[in-house]
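**Q** The following block contains the structure, expressed as structure tokens.
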Amino acid sequence: MIESARGVRNVGVRAALLAAVLFGASAPAAKLLLGEVSPWLLAGLLYVGAGAGMGLWRLVRRAPRVRLPRHEVPWLVGAVAAGGVAGPVLLMFGLSSMPASGAALLLNAEGVLTAVIAWVVFREPADRRVVLGMLAIVAGAVVIAVPTGGAELTSAWPAVAVVAACACWALDNNLTRKVSLTDATWLAMVKGAVAGPTNLVVALLLGAQLPAVPVAAAAAGLGFVSYGLSLVLFIVGLRHVGTARAGAYFSVAPFFGALLAVALGDRVTWQLLVAGVLMAVGAWLHLSEDHGHEHEHEAVRHEHSHTHDDGHHAHEHAPGEVVEAGVRHRHVHTHEPVTHTHEHYPDAHHRHDH
């Protein structure tokens with residue numbers, strides 16, 4: 001029996017939306033800390049909190065050692081270099097020379113570029129409904145990013161730097177999908193362990209001063225929740241619904257950030273209401289997608305958490321080892337070639353051409 005495609009999709013949708021909630025909350029929360037610490041140093045502390053927090057999480061839970069296949073190492077290295085190192089550096093360069101309103105508007109390019117790279121470079125399937133849904137969600141993010149007085153843009157180079165940062169994170173999202181079957185907590189730990197110290201060193205070299213211990217601890221705690229846990233959930237979303245769709249759901253993060261800002265005292269604006277409607281329409285277009293056709297699975301050998309009742313994991317175990325259907329477990333296993341027809345989405349097991 002093939003596992004329900006809608007069930008798989010719903011897992012991915014919930015994970016990506018919750019990731020957006022946690023990440024969106026970081027903006028108004030981080031704003032409370034910016035009076036005590038420079039933006040670049042704060043970015044470093046947030047990433048350090050994500051990496052260290054995930055490392056501690058894995059230690060407490062006694063998570064098994066991760067063995068990343070050799071052919072997947074370049075994907076992870078590229079993702080960390082693009083999203084953990086180049087992206088933040090380019091963003092800070094842009095923010096240092098342009099108004100925040102213009103930067104907020106340009107940051108919406110990440111969702112669009114993520115989808116474009118997924119569709120054009122990695123050949124992820126998308127029909128008209130998915131494309132329209134993506135455009136509606138991004139339009140909502142654009143509306144909420146523009147202040148009532150209009151967005152302010154200055155010279156071209158800072159804007160180019162911000163868009164380049166978005167391109168780095170879009171590339172990061174697509175490369176991370178290549179390793180999304182790997183333990184998501186380990187991936188988040190590695191990314192934080194690289195991005196955190198990198199941003200801290202650069203900020204200190206530029207003259208930033210370390211804040212008081214309570215402020216640094218608060219920033220690290222925020223990083224663990226809004227960057228670490230958010231990244232883990234986003235990777236789960238990548239695993240189940242693919243890069244473009246997960247990126248679209250994650251693009252609603254500014255809306256949740258605005259809602260939190262309202263809860264903290266900001267007023268409800270027309271932008272918030274319009275953005276909510278656009279994002280709801282976009283989400284509905286994605287959730288009502290129906291994609292099913294005959295497709296072929298090539299032979300593959302890999303390791304990830306799975307059950308034996310989803311129609312794709314009917315392999316045998318070692319003699320005497322019995323695993324009941326529905327029991328989630330993890331080990332190296334082989335998928336034999338198969339051709340079949342069922343409703344599906346571009347998850348980790350459906351990366352075929354169309």
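Ordering of the structure tokens sets the chain letters (A, B, ...); residue numbers start at 1 within each chain; ligands are numbered from 1 in the order shown.
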Using DSSP on the backbone coordinates, identify the residues of range 138-258 of chain A assigned to alpha helix (DSSP H); present them as a PyMOL selection string.

**A** chain A and resi 138-145+156-177+184-205+213-223+230-241+243-250+253-258

**Q** Within 8 Å of Val143 in chain A, counting only C-alpha atoms, which residues show up once you throw out same-chain ones fewer than 4 positions away? Write them as a PDB file with N, CA, C and O atoms, in the first residue's frame, please.

**A**
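Dumped everything to part-v4.pdb:
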ATOM      1  N   ALA A 139       3.807  37.582  -3.026  1.00  0.00           N
ATOM      2  CA  ALA A 139       3.159  38.893  -3.103  1.00  0.00           C
ATOM      3  C   ALA A 139       2.715  39.349  -1.722  1.00  0.00           C
ATOM      4  O   ALA A 139       2.854  40.526  -1.363  1.00  0.00           O
ATOM      5  N   GLN A 271      -1.736  46.360   5.380  1.00  0.00           N
ATOM      6  CA  GLN A 271      -0.793  45.440   4.759  1.00  0.00           C
ATOM      7  C   GLN A 271      -0.896  44.039   5.369  1.00  0.00           C
ATOM      8  O   GLN A 271      -0.831  43.032   4.674  1.00  0.00           O
ATOM      9  N   LEU A 272      -1.062  43.993   6.698  1.00  0.00           N
ATOM     10  CA  LEU A 272      -1.166  42.703   7.370  1.00  0.00           C
ATOM     11  C   LEU A 272      -2.399  41.944   6.900  1.00  0.00           C
ATOM     12  O   LEU A 272      -2.346  40.726   6.644  1.00  0.00           O
ATOM     13  N   VAL A 274      -4.135  42.364   3.984  1.00  0.00           N
ATOM     14  CA  VAL A 274      -3.990  41.967   2.579  1.00  0.00           C
ATOM     15  C   VAL A 274      -3.012  40.815   2.445  1.00  0.00           C
ATOM     16  O   VAL A 274      -3.243  39.853   1.692  1.00  0.00           O
ATOM     17  N   ALA A 275      -1.894  40.882   3.178  1.00  0.00           N
ATOM     18  CA  ALA A 275      -0.898  39.807   3.121  1.00  0.00           C
ATOM     19  C   ALA A 275      -1.505  38.489   3.590  1.00  0.00           C
ATOM     20  O   ALA A 275      -1.241  37.426   3.011  1.00  0.00           O
TER      21      ALA A 275
END

**Q** What is the CA of Phe234 in chain A-CA of Ala188 in chain A distance in Å, reported with one decimal?

**A**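 Computing the Euclidean distance for CA of Phe234 in chain A and CA of Ala188 in chain A yields 10.1 Å.
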
**Q** Give me, as a PyMOL selection string, all polymer residues having an atom no more than 8 Å from Ala16 in chain A, counting only C-alpha atoms and skipping those fewer than 5 positions away in the same chain.

**A** chain A and resi 233-234+236-238+246-247+249-250

**Q** For the residues in that selection, give me N, CA and C atoms as a PDB file, in the first residue's frame.

**A**
ATOM      1  N   LEU A 233      12.946  21.877  11.247  1.00  0.00           N
ATOM      2  CA  LEU A 233      11.596  21.728  10.691  1.00  0.00           C
ATOM      3  C   LEU A 233      11.577  22.010   9.193  1.00  0.00           C
ATOM      4  N   PHE A 234      12.364  22.994   8.751  1.00  0.00           N
ATOM      5  CA  PHE A 234      12.409  23.296   7.322  1.00  0.00           C
ATOM      6  C   PHE A 234      12.996  22.122   6.542  1.00  0.00           C
ATOM      7  N   VAL A 236      12.767  18.994   7.368  1.00  0.00           N
ATOM      8  CA  VAL A 236      11.694  18.001   7.307  1.00  0.00           C
ATOM      9  C   VAL A 236      10.717  18.365   6.196  1.00  0.00           C
ATOM     10  N   GLY A 237      10.417  19.659   6.062  1.00  0.00           N
ATOM     11  CA  GLY A 237       9.554  20.101   4.976  1.00  0.00           C
ATOM     12  C   GLY A 237      10.166  19.803   3.619  1.00  0.00           C
ATOM     13  N   LEU A 238      11.460  20.075   3.452  1.00  0.00           N
ATOM     14  CA  LEU A 238      12.155  19.743   2.210  1.00  0.00           C
ATOM     15  C   LEU A 238      12.024  18.269   1.884  1.00  0.00           C
ATOM     16  N   ALA A 246       8.301  23.846  -0.042  1.00  0.00           N
ATOM     17  CA  ALA A 246       8.725  24.176   1.319  1.00  0.00           C
ATOM     18  C   ALA A 246       9.156  25.636   1.394  1.00  0.00           C
ATOM     19  N   GLY A 247       9.858  26.116   0.361  1.00  0.00           N
ATOM     20  CA  GLY A 247      10.262  27.512   0.333  1.00  0.00           C
ATOM     21  C   GLY A 247       9.081  28.454   0.292  1.00  0.00           C
ATOM     22  N   TYR A 249       6.014  27.870   1.565  1.00  0.00           N
ATOM     23  CA  TYR A 249       5.409  27.913   2.896  1.00  0.00           C
ATOM     24  C   TYR A 249       6.277  28.709   3.864  1.00  0.00           C
ATOM     25  N   PHE A 250       7.595  28.582   3.739  1.00  0.00           N
ATOM     26  CA  PHE A 250       8.497  29.298   4.634  1.00  0.00           C
ATOM     27  C   PHE A 250       8.435  30.808   4.384  1.00  0.00           C
TER      28      PHE A 250
END

**Q** Quick one, how far is CA of Ala82 in chain A from CA of Ala167 in chain A?

**A** 8.6 Å

**Q** Determine the nearest neighbour of Ala136 in chain A from the options A:Arg61, A:His286, A:Arg239, A:Arg177, counting only C-alpha atoms.

**A**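 Checking each of A:Arg61, A:His286, A:Arg239, A:Arg177 against Ala136 in chain A, counting only C-alpha atoms, the winner is A:His286.
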
**Q** If DSSP is run on the backbone, what residues of range 123-306 of chain A are strand (DSSP E)? A reply as number ranges by chain would be ideal.

**A** A: 292-297, 300-306

**Q** Using only C-alpha atoms, can you tell me which of A:Leu231, A:Leu210, A:Leu287, A:Ala50 comes closest to Val11 in chain A?

**A**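 Of all the options, A:Leu287 lies closest to Val11 in chain A.
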
**Q** Which residues are close to range 216-225 of chain A, i.e. within 10 Å by only C-alpha atoms, leaving aside same-chain residues fewer than 5 positions away? Reply as a PyMOL selection string.

**A** chain A and resi 19+22-23+25-26+29-30+33-34+36-37+41-54+188-189+192+196+210-211+230-231

**Q** Mind checking which residues fall within 7 Å of Ala248 in chain A, counting only C-alpha atoms, ignoring those fewer than 2 positions away in the same chain, and posting them as a list in words?

**A**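 Contacts, with the query itself left out: Gly111, Met134, Ile137, Ala244, Arg245, Ala246, Phe250 and Ser251 of chain A.
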